[in-house]
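A.B. asks: Supplied structure: start_5.cif, mmCIF, N, CA and C atoms.
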data_model
#
loop_
_atom_site.label_atom_id
_atom_site.label_comp_id
_atom_site.auth_asym_id
_atom_site.auth_seq_id
_atom_site.Cartn_x
_atom_site.Cartn_y
_atom_site.Cartn_z
N GLN J 978 -14.47 4.11 -10.51
CA GLN J 978 -13.81 2.99 -9.89
C GLN J 978 -12.73 2.44 -10.82
N VAL J 979 -11.63 2.09 -10.24
CA VAL J 979 -10.52 1.51 -10.98
C VAL J 979 -10.24 0.15 -10.40
N PRO J 980 -10.38 -0.91 -11.18
CA PRO J 980 -10.08 -2.25 -10.66
C PRO J 980 -8.62 -2.35 -10.27
N LEU J 981 -8.38 -2.72 -9.02
CA LEU J 981 -7.04 -2.92 -8.51
C LEU J 981 -6.86 -4.36 -8.09
N ALA J 982 -5.66 -4.85 -8.27
CA ALA J 982 -5.35 -6.21 -7.84
C ALA J 982 -3.98 -6.20 -7.17
N GLU J 983 -3.92 -6.82 -6.00
CA GLU J 983 -2.67 -6.94 -5.26
C GLU J 983 -2.06 -8.32 -5.52
N PHE J 984 -0.73 -8.35 -5.56
CA PHE J 984 0.01 -9.58 -5.78
C PHE J 984 1.19 -9.63 -4.82
N GLY J 985 1.64 -10.85 -4.56
CA GLY J 985 2.89 -11.01 -3.84
C GLY J 985 2.78 -11.43 -2.40
N GLY J 986 1.57 -11.55 -1.89
CA GLY J 986 1.42 -12.00 -0.52
C GLY J 986 1.83 -13.45 -0.37
N GLY J 987 1.94 -13.87 0.89
CA GLY J 987 2.29 -15.26 1.14
C GLY J 987 2.78 -15.45 2.54
N LEU J 988 3.44 -16.59 2.74
CA LEU J 988 3.97 -16.97 4.05
C LEU J 988 5.47 -16.72 4.06
N VAL J 989 5.94 -16.06 5.10
CA VAL J 989 7.36 -15.75 5.21
C VAL J 989 7.76 -15.89 6.67
N GLN J 990 9.00 -16.22 6.90
CA GLN J 990 9.49 -16.35 8.27
C GLN J 990 9.88 -15.00 8.84
N VAL J 991 9.91 -14.95 10.14
CA VAL J 991 10.33 -13.73 10.83
C VAL J 991 11.70 -13.30 10.30
N GLY J 992 11.80 -12.01 10.05
CA GLY J 992 13.04 -11.46 9.53
C GLY J 992 13.15 -11.48 8.02
N GLY J 993 12.21 -12.14 7.38
CA GLY J 993 12.25 -12.23 5.93
C GLY J 993 11.67 -11.01 5.25
N SER J 994 11.59 -11.08 3.93
CA SER J 994 11.10 -9.97 3.12
C SER J 994 10.04 -10.44 2.15
N LEU J 995 9.18 -9.52 1.80
CA LEU J 995 8.19 -9.75 0.75
C LEU J 995 8.02 -8.45 -0.03
N SER J 996 7.71 -8.61 -1.30
CA SER J 996 7.42 -7.45 -2.12
C SER J 996 6.02 -7.60 -2.69
N LEU J 997 5.17 -6.67 -2.35
CA LEU J 997 3.81 -6.65 -2.87
C LEU J 997 3.73 -5.71 -4.06
N SER J 998 2.85 -6.03 -4.96
CA SER J 998 2.60 -5.13 -6.07
C SER J 998 1.10 -4.94 -6.23
N CYS J 999 0.76 -3.83 -6.82
CA CYS J 999 -0.64 -3.46 -7.04
C CYS J 999 -0.76 -2.97 -8.47
N ALA J 1000 -1.59 -3.63 -9.23
CA ALA J 1000 -1.73 -3.28 -10.63
C ALA J 1000 -3.17 -2.90 -10.92
N ALA J 1001 -3.32 -2.11 -11.95
CA ALA J 1001 -4.65 -1.68 -12.36
C ALA J 1001 -4.89 -2.06 -13.80
N SER J 1002 -6.12 -2.32 -14.10
CA SER J 1002 -6.48 -2.58 -15.50
C SER J 1002 -7.50 -1.55 -15.94
N GLY J 1003 -7.36 -1.11 -17.15
CA GLY J 1003 -8.38 -0.24 -17.71
C GLY J 1003 -8.17 1.24 -17.48
N ARG J 1004 -7.25 1.61 -16.58
CA ARG J 1004 -7.02 3.02 -16.33
C ARG J 1004 -5.63 3.21 -15.79
N THR J 1005 -5.02 4.33 -16.07
CA THR J 1005 -3.67 4.55 -15.63
C THR J 1005 -3.60 4.99 -14.18
N LEU J 1006 -2.74 4.35 -13.43
CA LEU J 1006 -2.57 4.69 -12.01
C LEU J 1006 -1.85 6.00 -11.81
N SER J 1007 -1.18 6.50 -12.84
CA SER J 1007 -0.44 7.75 -12.68
C SER J 1007 -1.36 8.93 -12.41
N SER J 1008 -2.65 8.74 -12.59
CA SER J 1008 -3.62 9.81 -12.31
C SER J 1008 -4.02 9.86 -10.85
N TYR J 1009 -3.50 8.93 -10.04
CA TYR J 1009 -3.96 8.80 -8.67
C TYR J 1009 -2.81 8.73 -7.68
N ALA J 1010 -3.02 9.33 -6.52
CA ALA J 1010 -2.16 9.02 -5.39
C ALA J 1010 -2.54 7.62 -4.91
N MET J 1011 -1.57 6.87 -4.44
CA MET J 1011 -1.82 5.49 -4.07
C MET J 1011 -1.39 5.22 -2.64
N GLY J 1012 -2.02 4.25 -2.03
CA GLY J 1012 -1.67 3.91 -0.66
C GLY J 1012 -1.76 2.42 -0.41
N TRP J 1013 -1.09 2.01 0.62
CA TRP J 1013 -1.20 0.64 1.13
C TRP J 1013 -1.73 0.70 2.55
N PHE J 1014 -2.65 -0.19 2.83
CA PHE J 1014 -3.23 -0.34 4.16
C PHE J 1014 -3.21 -1.80 4.54
N ARG J 1015 -3.44 -2.11 5.81
CA ARG J 1015 -3.48 -3.50 6.21
C ARG J 1015 -4.50 -3.68 7.32
N GLN J 1016 -4.99 -4.90 7.40
CA GLN J 1016 -5.94 -5.24 8.46
C GLN J 1016 -5.58 -6.59 9.03
N ALA J 1017 -5.21 -6.57 10.29
CA ALA J 1017 -4.89 -7.80 11.01
C ALA J 1017 -6.17 -8.39 11.60
N PRO J 1018 -6.16 -9.68 11.88
CA PRO J 1018 -7.36 -10.31 12.45
C PRO J 1018 -7.80 -9.63 13.74
N GLY J 1019 -9.07 -9.27 13.78
CA GLY J 1019 -9.62 -8.65 14.97
C GLY J 1019 -9.27 -7.19 15.16
N LYS J 1020 -8.61 -6.60 14.17
CA LYS J 1020 -8.21 -5.20 14.29
C LYS J 1020 -8.78 -4.38 13.14
N GLU J 1021 -8.77 -3.08 13.34
CA GLU J 1021 -9.22 -2.19 12.29
C GLU J 1021 -8.14 -2.06 11.21
N ARG J 1022 -8.59 -1.71 10.03
CA ARG J 1022 -7.64 -1.47 8.96
C ARG J 1022 -6.82 -0.23 9.27
N GLU J 1023 -5.53 -0.30 9.00
CA GLU J 1023 -4.64 0.80 9.34
C GLU J 1023 -3.76 1.20 8.16
N PHE J 1024 -3.32 2.42 8.22
CA PHE J 1024 -2.45 2.98 7.19
C PHE J 1024 -1.06 2.35 7.26
N VAL J 1025 -0.50 2.07 6.09
CA VAL J 1025 0.86 1.55 6.01
C VAL J 1025 1.77 2.58 5.34
N ALA J 1026 1.43 2.95 4.10
CA ALA J 1026 2.28 3.88 3.35
C ALA J 1026 1.48 4.45 2.20
N SER J 1027 1.92 5.61 1.72
CA SER J 1027 1.27 6.21 0.56
C SER J 1027 2.30 6.93 -0.28
N ILE J 1028 1.90 7.17 -1.53
CA ILE J 1028 2.81 7.79 -2.47
C ILE J 1028 2.02 8.71 -3.40
N SER J 1029 2.64 9.82 -3.74
CA SER J 1029 1.97 10.80 -4.59
C SER J 1029 1.91 10.31 -6.03
N LYS J 1030 1.15 11.02 -6.83
CA LYS J 1030 1.01 10.66 -8.25
C LYS J 1030 2.35 10.60 -8.95
N SER J 1031 3.20 11.55 -8.66
CA SER J 1031 4.49 11.61 -9.33
C SER J 1031 5.49 10.61 -8.76
N GLY J 1032 5.22 10.15 -7.55
CA GLY J 1032 6.18 9.30 -6.84
C GLY J 1032 7.18 10.09 -6.04
N GLY J 1033 7.09 11.41 -6.10
CA GLY J 1033 8.07 12.24 -5.42
C GLY J 1033 7.86 12.41 -3.94
N SER J 1034 6.65 12.12 -3.47
CA SER J 1034 6.35 12.25 -2.04
C SER J 1034 5.82 10.93 -1.51
N THR J 1035 6.27 10.57 -0.33
CA THR J 1035 5.80 9.35 0.33
C THR J 1035 5.50 9.64 1.80
N ARG J 1036 4.64 8.84 2.36
CA ARG J 1036 4.33 8.90 3.79
C ARG J 1036 4.29 7.48 4.31
N TYR J 1037 4.67 7.33 5.57
CA TYR J 1037 4.71 6.02 6.20
C TYR J 1037 4.11 6.08 7.59
N SER J 1038 3.55 4.95 7.99
CA SER J 1038 3.21 4.79 9.39
C SER J 1038 4.49 4.89 10.20
N ASP J 1039 4.43 5.63 11.27
CA ASP J 1039 5.64 5.80 12.08
C ASP J 1039 6.21 4.47 12.55
N SER J 1040 5.35 3.52 12.82
CA SER J 1040 5.81 2.24 13.36
C SER J 1040 6.47 1.36 12.30
N LEU J 1041 6.28 1.71 11.02
CA LEU J 1041 6.81 0.89 9.95
C LEU J 1041 7.96 1.54 9.19
N LYS J 1042 8.14 2.79 9.46
CA LYS J 1042 9.18 3.53 8.74
C LYS J 1042 10.53 2.86 8.94
N GLY J 1043 11.25 2.70 7.85
CA GLY J 1043 12.56 2.07 7.90
C GLY J 1043 12.54 0.61 7.52
N ARG J 1044 11.37 -0.03 7.63
CA ARG J 1044 11.28 -1.43 7.24
C ARG J 1044 10.50 -1.59 5.93
N PHE J 1045 9.55 -0.71 5.69
CA PHE J 1045 8.70 -0.79 4.50
C PHE J 1045 9.03 0.36 3.56
N THR J 1046 8.97 0.08 2.27
CA THR J 1046 9.22 1.10 1.26
C THR J 1046 8.15 1.02 0.18
N ILE J 1047 7.53 2.14 -0.09
CA ILE J 1047 6.54 2.22 -1.16
C ILE J 1047 7.20 2.86 -2.38
N ALA J 1048 6.83 2.37 -3.54
CA ALA J 1048 7.36 2.91 -4.79
C ALA J 1048 6.31 2.71 -5.87
N ARG J 1049 6.51 3.39 -6.96
CA ARG J 1049 5.59 3.20 -8.08
C ARG J 1049 6.36 3.33 -9.39
N ASP J 1050 5.84 2.62 -10.36
CA ASP J 1050 6.37 2.71 -11.72
C ASP J 1050 5.18 3.04 -12.61
N ASN J 1051 5.05 4.29 -12.94
CA ASN J 1051 3.88 4.69 -13.71
C ASN J 1051 3.91 4.14 -15.13
N ASN J 1052 5.09 3.85 -15.63
CA ASN J 1052 5.17 3.24 -16.96
C ASN J 1052 4.62 1.82 -16.96
N GLN J 1053 4.78 1.14 -15.80
CA GLN J 1053 4.27 -0.21 -15.65
C GLN J 1053 2.89 -0.24 -15.01
N ASN J 1054 2.38 0.96 -14.66
CA ASN J 1054 1.05 1.05 -14.06
C ASN J 1054 0.94 0.22 -12.78
N THR J 1055 2.01 0.27 -11.98
CA THR J 1055 2.11 -0.60 -10.82
C THR J 1055 2.66 0.17 -9.62
N VAL J 1056 2.15 -0.18 -8.46
CA VAL J 1056 2.64 0.35 -7.19
C VAL J 1056 3.19 -0.81 -6.38
N TYR J 1057 4.25 -0.57 -5.66
CA TYR J 1057 4.94 -1.63 -4.92
C TYR J 1057 5.02 -1.31 -3.44
N LEU J 1058 5.12 -2.36 -2.66
CA LEU J 1058 5.42 -2.23 -1.24
C LEU J 1058 6.48 -3.27 -0.89
N GLN J 1059 7.67 -2.80 -0.62
CA GLN J 1059 8.76 -3.69 -0.20
C GLN J 1059 8.75 -3.76 1.32
N MET J 1060 8.67 -4.97 1.83
CA MET J 1060 8.59 -5.17 3.28
C MET J 1060 9.78 -6.00 3.73
N ASN J 1061 10.57 -5.43 4.61
CA ASN J 1061 11.77 -6.10 5.12
C ASN J 1061 11.68 -6.31 6.63
N SER J 1062 12.51 -7.19 7.12
CA SER J 1062 12.58 -7.48 8.56
C SER J 1062 11.19 -7.72 9.13
N LEU J 1063 10.48 -8.60 8.48
CA LEU J 1063 9.09 -8.82 8.86
C LEU J 1063 8.95 -9.46 10.24
N LYS J 1064 7.88 -9.06 10.92
CA LYS J 1064 7.59 -9.53 12.27
C LYS J 1064 6.23 -10.20 12.29
N PRO J 1065 5.97 -11.03 13.27
CA PRO J 1065 4.65 -11.67 13.34
C PRO J 1065 3.50 -10.66 13.35
N GLU J 1066 3.72 -9.50 13.94
CA GLU J 1066 2.67 -8.49 14.00
C GLU J 1066 2.40 -7.83 12.66
N ASP J 1067 3.21 -8.14 11.65
CA ASP J 1067 2.94 -7.66 10.30
C ASP J 1067 1.94 -8.54 9.57
N THR J 1068 1.57 -9.65 10.18
CA THR J 1068 0.57 -10.54 9.59
C THR J 1068 -0.76 -9.80 9.43
N ALA J 1069 -1.25 -9.77 8.21
CA ALA J 1069 -2.47 -9.02 7.91
C ALA J 1069 -2.84 -9.22 6.46
N VAL J 1070 -4.02 -8.77 6.12
CA VAL J 1070 -4.39 -8.63 4.71
C VAL J 1070 -3.97 -7.22 4.30
N TYR J 1071 -3.23 -7.14 3.22
CA TYR J 1071 -2.72 -5.86 2.74
C TYR J 1071 -3.53 -5.41 1.52
N TYR J 1072 -3.95 -4.17 1.56
CA TYR J 1072 -4.77 -3.59 0.51
C TYR J 1072 -4.07 -2.41 -0.14
N CYS J 1073 -4.21 -2.31 -1.44
CA CYS J 1073 -3.81 -1.06 -2.08
C CYS J 1073 -5.07 -0.27 -2.39
N ALA J 1074 -4.90 1.03 -2.50
CA ALA J 1074 -6.04 1.91 -2.72
C ALA J 1074 -5.59 3.13 -3.50
N GLY J 1075 -6.54 3.74 -4.18
CA GLY J 1075 -6.24 4.91 -4.99
C GLY J 1075 -7.07 6.11 -4.62
N ALA J 1076 -6.46 7.27 -4.71
CA ALA J 1076 -7.12 8.53 -4.37
C ALA J 1076 -6.99 9.51 -5.52
N ALA J 1077 -8.13 9.98 -6.02
CA ALA J 1077 -8.09 11.01 -7.03
C ALA J 1077 -7.63 12.31 -6.41
N THR J 1078 -6.78 13.03 -7.10
CA THR J 1078 -6.27 14.28 -6.56
C THR J 1078 -5.78 15.17 -7.70
N ASP J 1079 -5.87 16.46 -7.48
CA ASP J 1079 -5.34 17.42 -8.44
C ASP J 1079 -3.87 17.73 -8.19
N TYR J 1080 -3.35 17.21 -7.09
CA TYR J 1080 -2.00 17.57 -6.66
C TYR J 1080 -1.04 16.43 -6.95
N SER J 1081 0.01 16.71 -7.64
CA SER J 1081 0.94 15.66 -8.06
C SER J 1081 1.85 15.21 -6.94
N GLU J 1082 1.99 16.04 -5.88
CA GLU J 1082 2.95 15.71 -4.83
C GLU J 1082 2.29 15.43 -3.49
N GLN J 1083 1.00 15.18 -3.46
CA GLN J 1083 0.32 14.87 -2.22
C GLN J 1083 0.23 13.36 -2.03
N ALA J 1084 0.61 12.90 -0.84
CA ALA J 1084 0.44 11.51 -0.44
C ALA J 1084 -0.46 11.52 0.77
N TYR J 1085 -1.46 10.66 0.79
CA TYR J 1085 -2.53 10.76 1.79
C TYR J 1085 -2.47 9.65 2.83
N TYR J 1086 -2.80 10.05 4.04
CA TYR J 1086 -2.78 9.16 5.19
C TYR J 1086 -4.16 8.58 5.48
N SER J 1087 -5.18 9.40 5.30
CA SER J 1087 -6.52 9.02 5.74
C SER J 1087 -7.20 8.07 4.78
N GLN J 1088 -7.80 7.02 5.32
CA GLN J 1088 -8.51 6.05 4.48
C GLN J 1088 -9.67 6.69 3.74
N SER J 1089 -10.26 7.69 4.35
CA SER J 1089 -11.42 8.32 3.75
C SER J 1089 -11.09 9.04 2.46
N ARG J 1090 -9.83 9.28 2.24
CA ARG J 1090 -9.38 9.97 1.03
C ARG J 1090 -9.36 9.05 -0.19
N TYR J 1091 -9.39 7.76 0.08
CA TYR J 1091 -9.23 6.77 -0.99
C TYR J 1091 -10.58 6.30 -1.51
N ALA J 1092 -10.73 6.36 -2.82
CA ALA J 1092 -12.03 6.08 -3.42
C ALA J 1092 -12.17 4.64 -3.89
N PHE J 1093 -11.09 3.98 -4.20
CA PHE J 1093 -11.20 2.62 -4.70
C PHE J 1093 -10.09 1.77 -4.13
N TRP J 1094 -10.43 0.49 -3.94
CA TRP J 1094 -9.60 -0.44 -3.20
C TRP J 1094 -9.48 -1.76 -3.94
N GLY J 1095 -8.34 -2.44 -3.71
CA GLY J 1095 -8.21 -3.79 -4.18
C GLY J 1095 -8.85 -4.77 -3.21
N GLN J 1096 -8.80 -6.04 -3.56
CA GLN J 1096 -9.39 -7.09 -2.73
C GLN J 1096 -8.49 -7.53 -1.59
N GLY J 1097 -7.23 -7.19 -1.67
CA GLY J 1097 -6.31 -7.54 -0.60
C GLY J 1097 -5.52 -8.80 -0.88
N THR J 1098 -4.35 -8.87 -0.26
CA THR J 1098 -3.52 -10.06 -0.34
C THR J 1098 -3.01 -10.39 1.05
N GLN J 1099 -3.04 -11.66 1.39
CA GLN J 1099 -2.69 -12.11 2.74
C GLN J 1099 -1.17 -12.20 2.89
N VAL J 1100 -0.68 -11.62 3.95
CA VAL J 1100 0.72 -11.77 4.34
C VAL J 1100 0.74 -12.41 5.72
N THR J 1101 1.45 -13.51 5.83
CA THR J 1101 1.56 -14.21 7.10
C THR J 1101 3.03 -14.36 7.46
N VAL J 1102 3.39 -13.89 8.63
CA VAL J 1102 4.77 -13.97 9.10
C VAL J 1102 4.81 -14.99 10.23
N SER J 1103 5.56 -16.04 10.02
CA SER J 1103 5.61 -17.12 11.01
C SER J 1103 6.85 -16.99 11.87
N SER J 1104 6.67 -17.31 13.14
CA SER J 1104 7.80 -17.23 14.07
C SER J 1104 8.42 -18.58 14.30
#
Go ahead and render the structure in this file as structure tokens.
C.D. replies:
Amino acid sequence: QVPLAEFGGGLVQVGGSLSLSCAASGRTLSSYAMGWFRQAPGKEREFVASISKSGGSTRYSDSLKGRFTIARDNNQNTVYLQMNSLKPEDTAVYYCAGAATDYSEQAYYSQSRYAFWGQGTQVTVSS
């Protein structure tokens, strides 16, 4: 298990932007593929975006592609999620998660692939 912590959530107006970050303590994130997921009230947790260990490969939810960008800085041991043109339906708790993998260029979609998770950060988009 790798302790993860998400930062950057908050309240933003429709059309605004937020940047989330996910940091780890005690272990380097460069050893893991990373992902962002979200869970809206009354809904199941869903995939948002993922990034390979190297940062060279990314995957996005089709519905979010073009508005959200995932990135990582392995020197800073941090993963980011830039969210633009936010909509009320983006309101959710956002989680980062890590997946152990032998492949440097694999980015994973399935939640079952992720072994450890952060506690989440609330993002609220007001109309």
A.B. asks: Could you spell out the hits of the PyMOL selection byres ((chain J and resi 1093) around 7) on the shown file, as number ranges by chain?
C.D. replies: J: 978-979, 981, 1073-1077, 1090-1092, 1094-1095
A.B. asks: Quick check on the file I pasted: which residues fall under the PyMOL selection byres ((chain J and resi 1018) around 7)? Write them as an MDAnalysis selection string.
C.D. replies: chainID J and resid 1016:1017 1019:1021 1068:1070
A.B. asks: Using the chain letters and numbering of this document, enumerate as a list in words the residues selected by the PyMOL selection byres ((chain J and resi 1029) around 6).
C.D. replies: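 Selection result, ordered by chain and number: Tyr1009, Ala1010, Met1011, Ser1027, Ile1028, Lys1030, Ser1031, Gly1032, Gly1033, Ser1034, Thr1035, Ser1081, Glu1082, Gln1083 and Ala1084 of chain J.
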A.B. asks: Mind checking DSSP for chain J and telling me the strand (DSSP E) residues as a PyMOL selection string?
C.D. replies: chain J and resi 981-984+987-990+995-1001+1009-1016+1023-1028+1035-1037+1045-1050+1055-1060+1069-1077+1093-1094+1098-1103
A.B. asks: Provide the atom C of Gln1053 (chain J) to CA of Asp1039 (chain J) distance in Å, to one decimal place.
C.D. replies: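 Separation of atom C of Gln1053 (chain J) and CA of Asp1039 (chain J): 27.9 Å.
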A.B. asks: Expressed in Å to a single decimal, how great is the separation between atom N of Asn1051 (chain J) and CA of Leu995 (chain J)?
C.D. replies: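 Calculated distance between atom N of Asn1051 (chain J) and CA of Leu995 (chain J) is 19.9 Å.
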A.B. asks: What does the structure give for the distance between atom C of Val1100 (chain J) and CA of Arg1036 (chain J), in Å to one decimal?
C.D. replies: 21.7 Å
A.B. asks: When you count only C-alpha atoms, which of these residues is closest to Ile1047 (chain J): J:Tyr1086, J:Phe1024, J:Tyr1072, J:Trp1013?
C.D. replies: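 The closest residue to Ile1047 (chain J) is J:Trp1013.
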A.B. asks: Would you kindly place N, CA, C and O atoms on region 1021-1039 of chain J and return the model as an mmCIF file, in the frame of the given file?
C.D. replies:
data_model
loop_
_atom_site.group_PDB
_atom_site.id
_atom_site.type_symbol
_atom_site.label_atom_id
_atom_site.label_comp_id
_atom_site.auth_asym_id
_atom_site.auth_seq_id
_atom_site.Cartn_x
_atom_site.Cartn_y
_atom_site.Cartn_z
ATOM 1 N N GLU J 1021 -8.770 -3.080 13.340
ATOM 2 C CA GLU J 1021 -9.220 -2.190 12.290
ATOM 3 C C GLU J 1021 -8.140 -2.060 11.210
ATOM 4 O O GLU J 1021 -6.947 -2.243 11.471
ATOM 5 N N ARG J 1022 -8.590 -1.710 10.030
ATOM 6 C CA ARG J 1022 -7.640 -1.470 8.960
ATOM 7 C C ARG J 1022 -6.820 -0.230 9.270
ATOM 8 O O ARG J 1022 -7.356 0.769 9.764
ATOM 9 N N GLU J 1023 -5.530 -0.300 9.000
ATOM 10 C CA GLU J 1023 -4.640 0.800 9.340
ATOM 11 C C GLU J 1023 -3.760 1.200 8.160
ATOM 12 O O GLU J 1023 -3.498 0.406 7.263
ATOM 13 N N PHE J 1024 -3.320 2.420 8.220
ATOM 14 C CA PHE J 1024 -2.450 2.980 7.190
ATOM 15 C C PHE J 1024 -1.060 2.350 7.260
ATOM 16 O O PHE J 1024 -0.515 2.165 8.344
ATOM 17 N N VAL J 1025 -0.500 2.070 6.090
ATOM 18 C CA VAL J 1025 0.860 1.550 6.010
ATOM 19 C C VAL J 1025 1.770 2.580 5.340
ATOM 20 O O VAL J 1025 2.758 3.028 5.926
ATOM 21 N N ALA J 1026 1.430 2.950 4.100
ATOM 22 C CA ALA J 1026 2.280 3.880 3.350
ATOM 23 C C ALA J 1026 1.480 4.450 2.200
ATOM 24 O O ALA J 1026 0.494 3.857 1.757
ATOM 25 N N SER J 1027 1.920 5.610 1.720
ATOM 26 C CA SER J 1027 1.270 6.210 0.560
ATOM 27 C C SER J 1027 2.300 6.930 -0.280
ATOM 28 O O SER J 1027 3.406 7.246 0.181
ATOM 29 N N ILE J 1028 1.900 7.170 -1.530
ATOM 30 C CA ILE J 1028 2.810 7.790 -2.470
ATOM 31 C C ILE J 1028 2.020 8.710 -3.400
ATOM 32 O O ILE J 1028 0.886 8.424 -3.766
ATOM 33 N N SER J 1029 2.640 9.820 -3.740
ATOM 34 C CA SER J 1029 1.970 10.800 -4.590
ATOM 35 C C SER J 1029 1.910 10.310 -6.030
ATOM 36 O O SER J 1029 2.556 9.331 -6.407
ATOM 37 N N LYS J 1030 1.150 11.020 -6.830
ATOM 38 C CA LYS J 1030 1.010 10.660 -8.250
ATOM 39 C C LYS J 1030 2.350 10.600 -8.950
ATOM 40 O O LYS J 1030 2.616 9.690 -9.745
ATOM 41 N N SER J 1031 3.200 11.550 -8.660
ATOM 42 C CA SER J 1031 4.490 11.610 -9.330
ATOM 43 C C SER J 1031 5.490 10.610 -8.760
ATOM 44 O O SER J 1031 6.500 10.300 -9.395
ATOM 45 N N GLY J 1032 5.220 10.150 -7.550
ATOM 46 C CA GLY J 1032 6.180 9.300 -6.840
ATOM 47 C C GLY J 1032 7.180 10.090 -6.040
ATOM 48 O O GLY J 1032 8.010 9.515 -5.335
ATOM 49 N N GLY J 1033 7.090 11.410 -6.100
ATOM 50 C CA GLY J 1033 8.070 12.240 -5.420
ATOM 51 C C GLY J 1033 7.860 12.410 -3.940
ATOM 52 O O GLY J 1033 8.764 12.817 -3.215
ATOM 53 N N SER J 1034 6.650 12.120 -3.470
ATOM 54 C CA SER J 1034 6.350 12.250 -2.040
ATOM 55 C C SER J 1034 5.820 10.930 -1.510
ATOM 56 O O SER J 1034 4.998 10.282 -2.169
ATOM 57 N N THR J 1035 6.270 10.570 -0.330
ATOM 58 C CA THR J 1035 5.800 9.350 0.330
ATOM 59 C C THR J 1035 5.500 9.640 1.800
ATOM 60 O O THR J 1035 6.055 10.585 2.386
ATOM 61 N N ARG J 1036 4.640 8.840 2.360
ATOM 62 C CA ARG J 1036 4.330 8.900 3.790
ATOM 63 C C ARG J 1036 4.290 7.480 4.310
ATOM 64 O O ARG J 1036 3.896 6.552 3.584
ATOM 65 N N TYR J 1037 4.670 7.330 5.570
ATOM 66 C CA TYR J 1037 4.710 6.020 6.200
ATOM 67 C C TYR J 1037 4.110 6.080 7.590
ATOM 68 O O TYR J 1037 4.207 7.099 8.277
ATOM 69 N N SER J 1038 3.550 4.950 7.990
ATOM 70 C CA SER J 1038 3.210 4.790 9.390
ATOM 71 C C SER J 1038 4.490 4.890 10.200
ATOM 72 O O SER J 1038 5.506 4.305 9.821
ATOM 73 N N ASP J 1039 4.430 5.630 11.270
ATOM 74 C CA ASP J 1039 5.640 5.800 12.080
ATOM 75 C C ASP J 1039 6.210 4.470 12.550
ATOM 76 O O ASP J 1039 7.429 4.296 12.653
#
